[in-house]
Structures are given as structure tokens and as C-alpha cells.
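**Q** File final.txt follows (compact mmCIF, C-alpha atoms):
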```txt
# COMPACT_ATOMS: atom_id res chain seq x y z
CA MET A 1363 26.24 -18.62 13.77
CA ILE A 1364 23.62 -18.87 11.03
CA VAL A 1365 21.11 -16.12 10.23
CA ARG A 1366 18.01 -17.89 8.92
CA THR A 1367 16.67 -15.62 6.20
CA ILE A 1368 13.59 -15.31 4.01
CA LEU A 1369 13.08 -13.11 0.96
CA VAL A 1370 9.72 -11.51 0.16
CA GLU A 1371 9.84 -10.07 -3.36
CA ASP A 1372 7.47 -10.40 -6.32
CA ASN A 1373 9.87 -9.07 -8.95
CA PRO A 1374 12.06 -11.99 -10.13
CA MET A 1375 14.99 -9.75 -11.10
CA GLU A 1376 15.12 -8.01 -7.74
CA ALA A 1377 14.75 -11.40 -6.02
CA ALA A 1378 17.66 -12.77 -8.06
CA VAL A 1379 19.85 -9.81 -7.03
CA ILE A 1380 19.22 -10.28 -3.31
CA GLU A 1381 19.63 -14.04 -3.57
CA GLN A 1382 22.94 -13.57 -5.36
CA TYR A 1383 24.17 -11.03 -2.79
CA CYS A 1384 23.20 -13.38 0.05
CA GLN A 1385 25.39 -16.08 -1.44
CA ASN A 1386 28.41 -13.93 -0.59
CA TYR A 1387 27.82 -14.55 3.10
CA ASP A 1388 28.35 -17.93 4.75
CA GLN A 1389 26.34 -16.64 7.72
CA LEU A 1390 23.14 -16.08 5.71
CA GLU A 1391 20.99 -19.13 5.04
CA LEU A 1392 18.21 -18.24 2.60
CA VAL A 1393 15.59 -20.74 3.76
CA ASN A 1394 12.69 -19.64 1.56
CA LYS A 1395 11.40 -17.07 -0.94
CA PHE A 1396 7.89 -15.67 -1.23
CA THR A 1397 5.99 -13.40 -3.59
CA THR A 1398 2.93 -12.64 -1.42
CA GLY A 1399 2.26 -11.66 2.19
CA GLU A 1400 -0.15 -14.54 2.80
CA GLU A 1401 2.58 -17.07 2.01
CA VAL A 1402 4.79 -15.39 4.61
CA PHE A 1403 2.19 -15.69 7.39
CA SER A 1404 1.68 -19.35 6.63
CA PHE A 1405 5.44 -20.00 6.78
CA LEU A 1406 6.13 -17.96 9.91
CA GLY A 1407 3.35 -19.79 11.74
CA GLN A 1408 5.52 -22.89 11.69
CA ASN A 1409 9.08 -21.65 11.26
CA GLU A 1410 11.46 -19.41 13.12
CA ILE A 1411 13.60 -17.00 11.13
CA ASP A 1412 16.15 -14.33 12.03
CA LEU A 1413 15.99 -12.01 9.03
CA MET A 1414 13.45 -10.95 6.41
CA PHE A 1415 14.08 -8.99 3.23
CA LEU A 1416 10.69 -7.38 2.71
CA ASP A 1417 9.49 -5.71 -0.46
CA ILE A 1418 7.19 -2.93 0.67
CA GLU A 1419 4.92 -3.25 -2.38
CA MET A 1420 3.49 -6.73 -2.84
CA PRO A 1421 0.47 -7.80 -4.90
CA ASP A 1422 -1.78 -8.64 -1.95
CA MET A 1423 -0.66 -6.20 0.75
CA THR A 1424 2.01 -3.64 1.63
CA GLY A 1425 5.03 -4.53 3.72
CA ILE A 1426 3.66 -2.20 6.41
CA GLU A 1427 0.42 -4.23 6.57
CA LEU A 1428 2.45 -7.41 6.75
CA MET A 1429 4.56 -6.11 9.65
CA ASP A 1430 1.35 -5.21 11.52
CA LYS A 1431 0.31 -8.87 11.54
CA LEU A 1432 3.62 -10.67 12.12
CA PRO A 1433 3.49 -13.34 14.84
CA TYR A 1434 7.02 -12.30 15.90
CA PHE A 1435 9.57 -9.75 14.78
CA PRO A 1436 12.77 -10.94 13.13
CA GLN A 1437 15.30 -8.41 11.88
CA ILE A 1438 13.71 -6.76 8.83
CA ILE A 1439 15.33 -5.05 5.86
CA ILE A 1440 12.82 -3.13 3.76
CA THR A 1441 13.43 -3.04 0.01
CA THR A 1442 11.61 -0.60 -2.24
CA SER A 1443 11.97 1.82 -5.10
CA ASN A 1444 9.62 4.21 -3.38
CA LYS A 1445 10.97 6.38 -0.58
CA GLU A 1446 7.51 7.45 0.58
CA TYR A 1447 7.26 4.42 2.86
CA ALA A 1448 10.52 5.11 4.66
CA TYR A 1449 9.05 6.99 7.60
CA ASP A 1450 6.38 4.35 8.30
CA ALA A 1451 8.93 1.57 7.97
CA PHE A 1452 11.28 3.07 10.53
CA GLU A 1453 8.38 3.30 12.99
CA TYR A 1454 8.71 -0.50 13.10
CA GLU A 1455 12.39 -0.30 13.98
CA VAL A 1456 13.47 -2.10 10.86
CA VAL A 1457 17.21 -2.57 10.45
CA ASP A 1458 17.44 -0.62 7.23
CA PHE A 1459 15.70 0.60 4.15
CA LEU A 1460 17.34 -0.37 0.84
CA LYS A 1461 16.37 1.51 -2.28
CA LYS A 1462 16.20 -0.51 -5.50
CA PRO A 1463 18.19 -1.10 -7.58
CA ILE A 1464 20.28 -2.14 -4.57
CA PRO A 1465 24.04 -1.61 -5.02
CA LEU A 1466 26.20 -4.36 -3.52
CA PRO A 1467 28.21 -2.05 -1.19
CA ARG A 1468 24.96 -0.74 0.32
CA PHE A 1469 23.71 -4.29 0.77
CA GLN A 1470 26.99 -5.32 2.42
CA LYS A 1471 26.83 -2.46 4.90
CA THR A 1472 23.31 -3.44 5.97
CA VAL A 1473 23.92 -7.18 6.14
CA GLU A 1474 27.03 -6.70 8.23
CA LYS A 1475 24.90 -4.75 10.68
CA VAL A 1476 22.36 -7.60 10.73
CA ILE A 1477 25.05 -10.20 11.39
CA SER A 1478 26.50 -8.06 14.17
CA ASN A 1479 23.03 -7.65 15.75
CA HIS A 1480 22.47 -11.39 15.49
CA GLU A 1481 25.76 -12.21 17.18
CA LEU A 1482 25.00 -9.74 19.96
CA ARG A 1483 21.51 -11.18 20.50
CA ASN A 1484 22.92 -14.68 20.72
CA LYS A 1485 25.62 -13.59 23.14
CA VAL A 1486 23.05 -11.95 25.40
CA ALA A 1487 20.81 -15.03 25.19
CA LEU A 1488 23.74 -17.28 26.11
CA GLU A 1489 24.65 -15.07 29.06
CA SER A 1490 21.05 -15.16 30.20
CA ALA A 1491 20.91 -18.94 29.81
CA ALA A 1492 23.89 -19.26 32.17
CA THR A 1493 22.06 -17.70 35.11
CA GLU A 1494 18.31 -17.83 34.60
CA LEU A 1495 15.36 -19.11 32.64
CA TYR A 1496 11.98 -17.71 31.71
CA VAL A 1497 8.76 -19.67 32.25
CA LYS A 1498 5.52 -18.79 30.50
CA THR A 1499 2.66 -18.47 32.99
CA ASP A 1500 -0.73 -16.87 32.31
CA GLY A 1501 0.53 -15.34 29.06
CA LYS A 1502 3.58 -13.76 30.74
CA TYR A 1503 7.24 -14.75 30.69
CA ILE A 1504 8.48 -14.82 34.27
CA ARG A 1505 12.19 -14.69 35.02
CA VAL A 1506 13.39 -17.37 37.40
CA PRO A 1507 17.05 -17.20 38.54
CA TYR A 1508 18.63 -20.65 38.73
CA SER A 1509 19.62 -19.93 42.33
CA ASP A 1510 15.90 -19.79 43.26
CA ILE A 1511 15.10 -23.20 41.80
CA LEU A 1512 14.97 -26.21 44.17
CA TYR A 1513 14.18 -28.93 41.64
CA PHE A 1514 12.28 -29.88 38.46
CA GLU A 1515 9.74 -32.70 38.57
CA ASN A 1516 8.32 -34.41 35.49
CA VAL A 1517 4.57 -35.07 35.72
CA GLY A 1518 3.06 -36.52 32.54
CA ASP A 1519 3.58 -34.06 29.68
CA TYR A 1520 4.44 -31.26 32.10
CA ILE A 1521 7.32 -30.20 34.33
CA LYS A 1522 6.88 -28.61 37.74
CA VAL A 1523 9.52 -25.98 38.47
CA ILE A 1524 9.73 -25.78 42.26
CA THR A 1525 11.34 -22.60 43.59
CA ASN A 1526 12.03 -20.99 46.98
CA THR A 1527 8.78 -19.08 46.67
CA GLY A 1528 6.39 -21.35 44.79
CA MET A 1529 5.87 -23.42 41.68
CA HIS A 1530 5.57 -22.95 37.92
CA ILE A 1531 4.25 -25.54 35.49
CA ILE A 1532 5.64 -25.73 31.97
CA TYR A 1533 4.86 -28.02 29.05
CA GLY A 1534 7.67 -30.32 27.93
CA ALA A 1535 9.90 -33.28 28.68
CA LEU A 1536 12.61 -33.41 31.35
CA LYS A 1537 15.12 -34.76 28.85
CA SER A 1538 14.85 -31.79 26.51
CA LEU A 1539 14.85 -29.40 29.47
CA ALA A 1540 18.08 -30.98 30.78
CA GLU A 1541 19.73 -30.33 27.42
CA ARG A 1542 18.83 -26.63 27.58
CA LEU A 1543 19.96 -25.98 31.16
CA SER A 1544 23.50 -24.69 31.14
CA TYR A 1545 23.80 -24.39 34.94
CA PRO A 1546 26.35 -26.91 36.25
CA ARG A 1547 24.65 -27.22 39.67
CA PHE A 1548 21.59 -28.90 38.15
CA LEU A 1549 21.81 -32.67 38.13
CA LYS A 1550 19.38 -35.32 36.98
CA VAL A 1551 18.99 -37.82 39.83
CA HIS A 1552 16.02 -39.79 38.57
CA ARG A 1553 14.03 -40.04 35.31
CA SER A 1554 11.50 -37.65 36.86
CA PHE A 1555 13.75 -35.25 38.79
CA ILE A 1556 16.48 -32.68 38.15
CA VAL A 1557 17.72 -31.13 41.39
CA ASN A 1558 19.74 -28.06 42.32
CA LEU A 1559 22.76 -29.48 44.16
CA ASP A 1560 23.01 -26.30 46.25
CA LYS A 1561 19.57 -26.94 47.76
CA ILE A 1562 20.08 -30.49 49.03
CA VAL A 1563 19.58 -30.86 52.79
CA ASP A 1564 20.69 -34.47 53.07
CA ILE A 1565 21.18 -37.68 51.14
CA GLU A 1566 20.24 -41.08 52.53
CA ASP A 1567 20.45 -44.38 50.65
CA ASN A 1568 18.42 -43.85 47.51
CA THR A 1569 16.74 -40.59 48.40
CA LEU A 1570 17.68 -36.98 48.99
CA VAL A 1571 15.81 -34.18 50.69
CA ILE A 1572 15.25 -30.67 49.41
CA GLY A 1573 13.06 -28.54 51.67
CA LYS A 1574 10.54 -31.06 52.91
CA LYS A 1575 10.48 -33.02 49.66
CA VAL A 1576 11.97 -36.50 49.58
CA ILE A 1577 13.29 -37.16 46.09
CA PRO A 1578 14.24 -40.62 44.80
CA ILE A 1579 17.72 -41.24 43.39
CA SER A 1580 17.90 -43.91 40.71
CA ARG A 1581 20.60 -46.54 40.89
CA ALA A 1582 22.11 -45.31 37.65
CA HIS A 1583 22.36 -41.74 38.91
CA LYS A 1584 23.62 -42.48 42.43
CA PRO A 1585 27.33 -42.65 41.48
CA ILE A 1586 27.04 -39.42 39.50
CA ILE A 1587 25.52 -37.52 42.40
CA MET A 1588 28.02 -38.91 44.88
CA ASN A 1589 30.84 -37.74 42.60
CA SER A 1590 29.27 -34.29 42.36
CA ILE A 1591 29.26 -33.49 46.07
CA ASN A 1592 32.12 -32.77 48.41
CA ILE A 1593 32.25 -35.65 50.92
CA ILE A 1594 34.72 -35.30 53.78
CA MET B 928 33.41 -13.89 10.78
CA SER B 929 33.66 -15.70 7.48
CA THR B 930 32.50 -13.54 4.63
CA LYS B 931 32.82 -13.98 0.92
CA VAL B 932 32.95 -10.51 -0.55
CA MET B 933 32.59 -9.78 -4.23
CA ASN B 934 34.99 -7.46 -5.95
CA THR B 935 33.46 -4.02 -5.64
CA LYS B 936 36.30 -1.79 -6.69
CA SER B 937 35.53 0.89 -9.21
CA THR B 938 35.78 -0.25 -12.78
CA SER B 939 35.21 3.09 -14.45
CA GLY B 940 37.05 3.29 -17.71
CA ALA B 941 37.09 -0.48 -18.12
CA HIS B 942 34.34 -0.57 -20.72
CA SER B 943 34.78 -0.40 -24.45
CA THR B 944 34.90 2.92 -26.20
CA ASP B 945 33.32 2.06 -29.53
CA SER B 946 29.68 1.28 -30.17
CA THR B 947 30.31 -2.21 -31.52
CA SER B 948 32.08 -3.38 -28.35
CA SER B 949 34.30 -6.41 -28.18
CA THR B 950 35.62 -9.15 -25.96
CA ASN B 951 39.14 -10.26 -25.37
CA SER B 952 40.24 -13.70 -24.24
CA ASN B 953 40.22 -12.86 -20.53
CA LYS B 954 37.40 -10.50 -19.90
CA PHE B 955 33.94 -9.78 -21.18
CA VAL B 956 33.55 -6.16 -22.25
CA PHE B 957 30.02 -4.80 -22.09
CA SER B 958 28.58 -2.87 -24.99
CA SER B 959 28.94 0.89 -24.70
CA GLN B 960 25.39 1.19 -26.06
CA LEU B 961 24.35 0.00 -22.61
CA ASN B 962 25.43 1.41 -19.26
CA ALA B 963 28.67 -0.55 -19.39
CA GLU B 964 30.04 0.95 -16.20
CA PHE B 965 27.02 -0.23 -14.19
CA LEU B 966 27.05 -3.67 -15.85
CA GLU B 967 30.77 -3.99 -15.24
CA SER B 968 30.43 -3.15 -11.54
CA SER B 969 27.43 -5.48 -11.16
CA TYR B 970 28.50 -8.52 -13.16
CA SER B 971 32.21 -8.50 -13.95
CA SER B 972 33.02 -10.74 -10.98
CA ASN B 973 30.21 -13.14 -11.89
CA LEU B 974 29.21 -13.03 -15.52
CA GLU B 975 26.95 -16.08 -15.09
CA PHE B 976 24.87 -13.95 -12.75
CA GLY B 977 24.76 -11.21 -15.39
CA LYS B 978 23.60 -13.70 -17.98
CA LYS B 979 20.93 -14.94 -15.60
CA MET B 980 19.65 -11.38 -15.04
CA PHE B 981 19.46 -10.71 -18.78
CA SER B 982 17.67 -14.03 -19.24
CA ILE B 983 15.06 -13.20 -16.58
CA PHE B 984 14.53 -9.83 -18.20
CA LEU B 985 14.06 -11.26 -21.69
CA SER B 986 11.70 -13.98 -20.50
CA SER B 987 9.31 -11.58 -18.77
CA ILE B 988 9.51 -8.15 -20.35
CA ASP B 989 7.22 -8.73 -23.36
CA SER B 990 4.34 -9.90 -21.18
CA ASP B 991 4.94 -6.95 -18.82
CA ILE B 992 4.74 -4.55 -21.79
CA ASP B 993 1.54 -6.28 -22.99
CA PHE B 994 0.09 -5.75 -19.53
CA LEU B 995 1.15 -2.11 -19.62
CA ARG B 996 -0.54 -1.63 -23.00
CA GLY B 997 -3.70 -3.41 -21.81
CA ALA B 998 -3.90 -1.17 -18.73
CA LEU B 999 -3.53 1.93 -20.92
CA GLU B 1000 -6.26 0.76 -23.29
CA ALA B 1001 -8.54 0.07 -20.32
CA ASP B 1002 -7.74 3.47 -18.77
CA ASP B 1003 -6.68 1.54 -15.66
CA TYR B 1004 -4.20 4.09 -14.33
CA THR B 1005 -3.65 2.26 -11.07
CA ALA B 1006 -2.57 -0.93 -12.83
CA LEU B 1007 -0.50 1.11 -15.26
CA ALA B 1008 1.35 2.87 -12.44
CA ASN B 1009 1.88 -0.41 -10.57
CA VAL B 1010 3.38 -2.23 -13.54
CA ALA B 1011 5.52 0.71 -14.60
CA HIS B 1012 6.77 0.94 -11.03
CA LYS B 1013 7.46 -2.78 -10.81
CA ILE B 1014 9.46 -3.11 -14.02
CA LYS B 1015 11.27 0.22 -14.20
CA ASN B 1016 14.36 -1.00 -12.34
CA ASN B 1017 14.53 -4.13 -14.48
CA PHE B 1018 15.83 -1.92 -17.28
CA THR B 1019 18.54 -0.57 -15.01
CA TRP B 1020 19.75 -4.11 -14.32
CA VAL B 1021 20.27 -4.69 -18.06
CA GLY B 1022 22.07 -1.40 -18.55
CA LEU B 1023 19.19 0.76 -19.76
CA PRO B 1024 18.64 3.45 -17.12
CA ARG B 1025 17.19 5.77 -19.78
CA MET B 1026 14.29 3.32 -20.13
CA SER B 1027 13.87 3.31 -16.35
CA SER B 1028 13.56 7.10 -16.52
CA LEU B 1029 10.86 6.89 -19.22
CA LEU B 1030 8.92 4.39 -17.10
CA TYR B 1031 9.28 6.66 -14.10
CA LYS B 1032 7.65 9.46 -16.10
CA LEU B 1033 4.90 7.08 -17.17
CA GLU B 1034 4.36 5.90 -13.59
CA SER B 1035 4.16 9.49 -12.30
CA ALA B 1036 1.70 10.52 -15.02
CA ALA B 1037 -0.46 7.46 -14.32
CA LYS B 1038 -0.50 8.20 -10.58
CA GLU B 1039 -1.67 11.73 -11.37
CA LYS B 1040 -4.15 10.37 -13.95
CA SER B 1041 -2.58 12.86 -16.31
CA ALA B 1042 -3.53 13.15 -19.97
CA GLU B 1043 0.22 12.81 -20.65
CA VAL B 1044 0.08 9.08 -19.94
CA ALA B 1045 -0.41 8.09 -23.58
CA VAL B 1046 2.36 10.47 -24.64
CA HIS B 1047 4.81 8.90 -22.20
CA PHE B 1048 3.77 5.38 -23.17
CA ASN B 1049 4.35 6.16 -26.87
CA GLU B 1050 7.68 7.80 -26.04
CA PHE B 1051 8.68 4.61 -24.25
CA MET B 1052 7.47 2.30 -27.02
CA GLU B 1053 9.27 4.30 -29.71
CA VAL B 1054 12.61 3.17 -28.34
CA TYR B 1055 11.58 -0.08 -26.65
CA HIS B 1056 12.06 -2.46 -29.59
CA ASN B 1057 15.50 -1.15 -30.41
CA GLU B 1058 16.56 -1.32 -26.75
CA HIS B 1059 15.14 -4.83 -26.44
CA SER B 1060 17.33 -5.88 -29.38
CA LEU B 1061 20.37 -4.48 -27.59
CA VAL B 1062 19.59 -6.56 -24.53
CA GLN B 1063 18.99 -9.67 -26.64
CA SER B 1064 22.27 -9.12 -28.46
CA GLU B 1065 24.19 -8.60 -25.20
CA TYR B 1066 22.68 -11.77 -23.75
CA GLU B 1067 23.80 -13.73 -26.79
CA ARG B 1068 27.33 -12.30 -26.53
CA MET B 1069 27.51 -13.25 -22.87
CA SER B 1070 26.27 -16.75 -23.64
CA GLU B 1071 28.86 -17.12 -26.35
CA PHE B 1072 31.62 -15.82 -24.10
CA LEU B 1073 30.69 -18.23 -21.32
CA ALA B 1074 30.22 -21.26 -23.59
```
Take the structure in this file and express it as C-alpha cells.
**A**
Amino acid sequence: MIVRTILVEDNPMEAAVIEQYCQNYDQLELVNKFTTGEEVFSFLGQNEIDLMFLDIEMPDMTGIELMDKLPYFPQIIITTSNKEYAYDAFEYEVVDFLKKPIPLPRFQKTVEKVISNHELRNKVALESAATELYVKTDGKYIRVPYSDILYFENVGDYIKVITNTGMHIIYGALKSLAERLSYPRFLKVHRSFIVNLDKIVDIEDNTLVIGKKVIPISRAHKPIIMNSINII
Amino acid sequence: MSTKVMNTKSTSGAHSTDSTSSTNSNKFVFSSQLNAEFLESSYSSNLEFGKKMFSIFLSSIDSDIDFLRGALEADDYTALANVAHKIKNNFTWVGLPRMSSLLYKLESAAKEKSAEVAVHFNEFMEVYHNEHSLVQSEYERMSEFLA
């Protein structure tokens, strides 16, 4: 389980120390280093990270100003030689506040907490992925239990998620969606359809019915679906 | 969890006791004119890293001091405080915490726009060249040891 990490530090000696300490952990992947806040925004706009070592005093802005504008919040460890920022930093629920020069044992204690948090977050995300998904609609993330979903239908660049109570539309391809669904009762029956096996009303020749919807079954997928249902 | 942990056990008493310092065939012994205990605990398990830190220090400190002097001459107390703040810990990493303390005094005086700024700068510069030579000498000894 890799913790993708960036380092924001304009003092080369302090940067070298943190980089060296990070090398002691297989779990930490230092993906980039920055000396200014602007560089960080540009990078985070296109990359996802799990951890940021953030110097509170940078040439172009303070770490507090940077945190105010972050597009998302990874785990953050503040590094500084100035304790006066500590209160403000903890308002942002940072993981820890390391005073420079940073002793290795202090660094280890904090990083082990980060790794533990990361493992916990991943475990929770995996548990969630086993029972539900979230779809983004009108700027909100709406929880949809797998048991409510009837089927997914690919329409152009979008996917319709048809549920017991309505429909959601998400951007993406059915193939990549199929790879992310960890619910064993979902089965792809056609290049444009993934169905919930528990919702099938009947199967006839090369079609199946869910609700009032008649869904085609491709020749390639027919044997798979027939092997997935309990025929007496 | 797979974790590579550096040796962090206390090494107090492991440094040399005379001011000339020495090395033996197995282990580099830091000069007692520097904070040998801190250097030992920071670099004994990875002397290459120690050498790298000394190298970074030596490659940047003269220009930082020039900047400090320029800020003083321009009465730019904000810049003076910022640079003093930025580089003060660098001296700790090369075993010179006393220089870090002098820079802390300079930084504090500059923040307060105190008339003591020039006094603290001169106090710092009085010992700077000698301390710089110690760092240079220690870097050369490390390089020789690692060669």
C-alpha cells in the first residue's frame, strides 16, 4: 500500500533531510518536490497524492494560505522552525507539526501515524466498495447501495445507472466501470449492459427482463450468464 | 508493514575527546569542535548522507551570508529576518548549534527592528569564517574516509 508523497520545502538542507528519512520507508513514494506554493497547485490540479510535507514559510505564500486553496486535502505534515503557526495549522486538522531541525525518531512517530491512517482509509474504502458506490449528480455525491441497482447501460460517453427508484447518469466507459465494481452479482451481458443478477425477472433466448426493460444478451456472454444462475 | 528503520540508538560518548579528532578503520569519528553527538546520531548510519548535507551547506552558505549582509546594508529588516530564519538550522545540521543561536538572536532583533541588529550580525561574522573552516575541514575528512 503506497503513500504517494510530495515535499514542499525551499531550504535544500531541510528538503534533503526529509527526502533521506522518507527513503527508510518502502511505503512512502516521494513523487515530487517543490519550493513554491504555485508549483504545488499546478501539480495537484493533475495528480492525486496521499501525503504532503509542507513548509509553513515559503517564498510566495505561507503554508496556511496554501492549505486554504487546496483542491483536495491529503494528509499534511507541517514542517517549520516557528511554533507560532501551530495553532492555525491544527485548525486544518493536519496530521502533525514537526519542528526543524527534525529528529529522526520524531519523524518516524509521525510517518507511522500517516501510514496507519492511510491503511485505515483504504480499508474503509474497500469495505464501502463491496456494498455501494457514489455517483456525482448536481455537484453532490449520492450513495447508491448495490442492492438498489437494476442495471448499467452505456450510452455514448455516459453510463445510465438504473435503480429501483430512478436513474443517475455518470461520465465514463462501461469497461472501466466493470473493473471497479467489486459486487459479484453484477454481470456484463452485452457490450452496453451490466445487470444485477438479483433483479432479473426472466431470460428468454438472447434477452433478459429487468423491471419492464428488455436487455439484449450477446452470444459471447450467454454461456457466462447461464452458468451464473441456478437452473433447476 | 515493511519498514526500513535507521539506527537511532543513543551514541553519547562515542565521539572523540580531543580537539583534533581522528578516525579508525571502521568508523568515522566526528570532530569534537563540532556537535559530535548530534552528528553521530544523525549521520553515523549513513555517512554519505552526512557528506551530502555538508556539501549542500558549503555550496550555499556564502551566498546566503552575502544576502544577509546586503539586507543589513539596505536596512531591509524583513529580508534579514527571513534569511536568518531560513538558514539558522543549516548550522545545526553541520554541528554548529552555537551559530544557529547567534542567527536566532539576529532574526529576533531584525523582527523587532532593533538597533542591536548590527551588533548581532557582527557577533555572528566574528566567528563565521573560523566555523566555516571547521565545516570545510570536516567535509574533507568525510570525503577522504569514504573514498
**Q** Got a sec: who's within 10 Å of Ser1490 in chain A, counting all atoms listed in the file, leaving out chain neighbours fewer than 6 positions off, as a list in words?
**A** Asn1484, Tyr1496, Pro1507 and Ser1544 of chain A
**Q** Counting only C-alpha atoms, what is within 10 Å of Leu974 in chain B, bar same-chain residues fewer than 2 positions away, as an NGL selection string?
**A** :B and (954-955 or 966-967 or 969-972 or 976-980 or 1069-1070 or 1072-1073)
**Q** What residues in chain A have any atom no more than 10 Å from chain B when counting only C-alpha atoms, and can you write them as a VMD selection string?
**A** chain A and resid 1363 1372 to 1376 1378 to 1379 1382 to 1390 1419 to 1421 1442 to 1444 1462 to 1467 1470 1474 1477 to 1478
**Q** Which polymer residues have any atom within 10 Å of an atom of range 1555-1566 of chain A, counting all atoms listed in the file, with same-chain residues fewer than 3 positions away left out, as JSON, numbers by chain?
**A** {"A": [1508, 1509, 1510, 1511, 1512, 1513, 1514, 1515, 1516, 1517, 1521, 1522, 1523, 1524, 1526, 1536, 1537, 1539, 1540, 1545, 1546, 1547, 1548, 1549, 1550, 1551, 1552, 1569, 1570, 1571, 1572, 1573, 1574, 1575, 1576, 1577, 1578, 1579, 1580, 1587, 1588, 1590, 1591]}
**Q** Counting all atoms listed in the file, what is within 12 Å of Arg996 in chain B, bar same-chain residues fewer than 3 positions away, as an NGL selection string?
**A** :B and (989-993 or 999-1004 or 1006-1008 or 1010-1011 or 1033 or 1044-1045 or 1047-1049 or 1051-1052)
**Q** From the list B:Ala963, B:Val956, B:Ala998, B:Met1026, which residue is nearest Val1054 in chain B when using only C-alpha atoms?
**A**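 The shortest atom-to-atom distance to Val1054 in chain B comes from B:Met1026.
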**Q** What is the CA of Ser1035 in chain B to CA of Tyr1447 in chain A distance in Å?
**A**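 Between CA of Ser1035 in chain B and CA of Tyr1447 in chain A the gap is 16.3 Å.
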**Q** What does the distance between CA of Thr1499 in chain A and CA of Met1529 in chain A come to in Å, to one decimal place?
**A**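 Result for CA of Thr1499 in chain A versus CA of Met1529 in chain A: 10.5 Å, one decimal.
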**Q** Between CA of Gly1022 in chain B and CA of Phe994 in chain B, what is the distance in Å, rounded to a tenth?
**A**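 Here the two named atoms are 22.4 Å from each other.
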**Q** Around all of range 1459-1469 of chain A's listed atoms, make the axis-aligned box with 3 Å on each side and tell me centre and edge lengths in Å to one decimal, as JSON.
**A**
```
{"center_x": 22.0, "center_y": -1.4, "center_z": -1.7, "size_x": 18.5, "size_y": 11.9, "size_z": 17.7}
```
**Q** Looking at A:Lys1395, A:Arg1553, A:Phe1435, A:Phe1403, which one is nearest to Arg1581 in chain A, with distances taken over only C-alpha atoms?
**A**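 For Arg1581 in chain A, the nearest of the candidates is A:Arg1553.
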**Q** Could you check the closest approach to Ile1411 in chain A for each of A:Lys1445, A:Val1497, A:Ile1364, A:Glu1453 and tell me which residue wins, using all atoms listed in the file?
**A** A:Ile1364
**Q** List the neighbours of Phe1459 in chain A out to 8 Å using all atoms listed in the file; skip same-chain residues closer than 4 positions along the sequence, and give me the result as a short mmCIF file (atom, residue, chain, number, x, y, z; two decimals) with C-alpha atoms, in the coordinates of the input.
**A**
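Contents of part_24.cif, freshly written:
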```
data_model
loop_
_atom_site.label_atom_id
_atom_site.label_comp_id
_atom_site.auth_asym_id
_atom_site.auth_seq_id
_atom_site.Cartn_x
_atom_site.Cartn_y
_atom_site.Cartn_z
CA ILE A 1439 15.33 -5.05 5.86
CA ILE A 1440 12.82 -3.13 3.76
CA THR A 1441 13.43 -3.04 0.01
CA THR A 1442 11.61 -0.60 -2.24
CA ALA A 1448 10.52 5.11 4.66
CA ALA A 1451 8.93 1.57 7.97
#
```
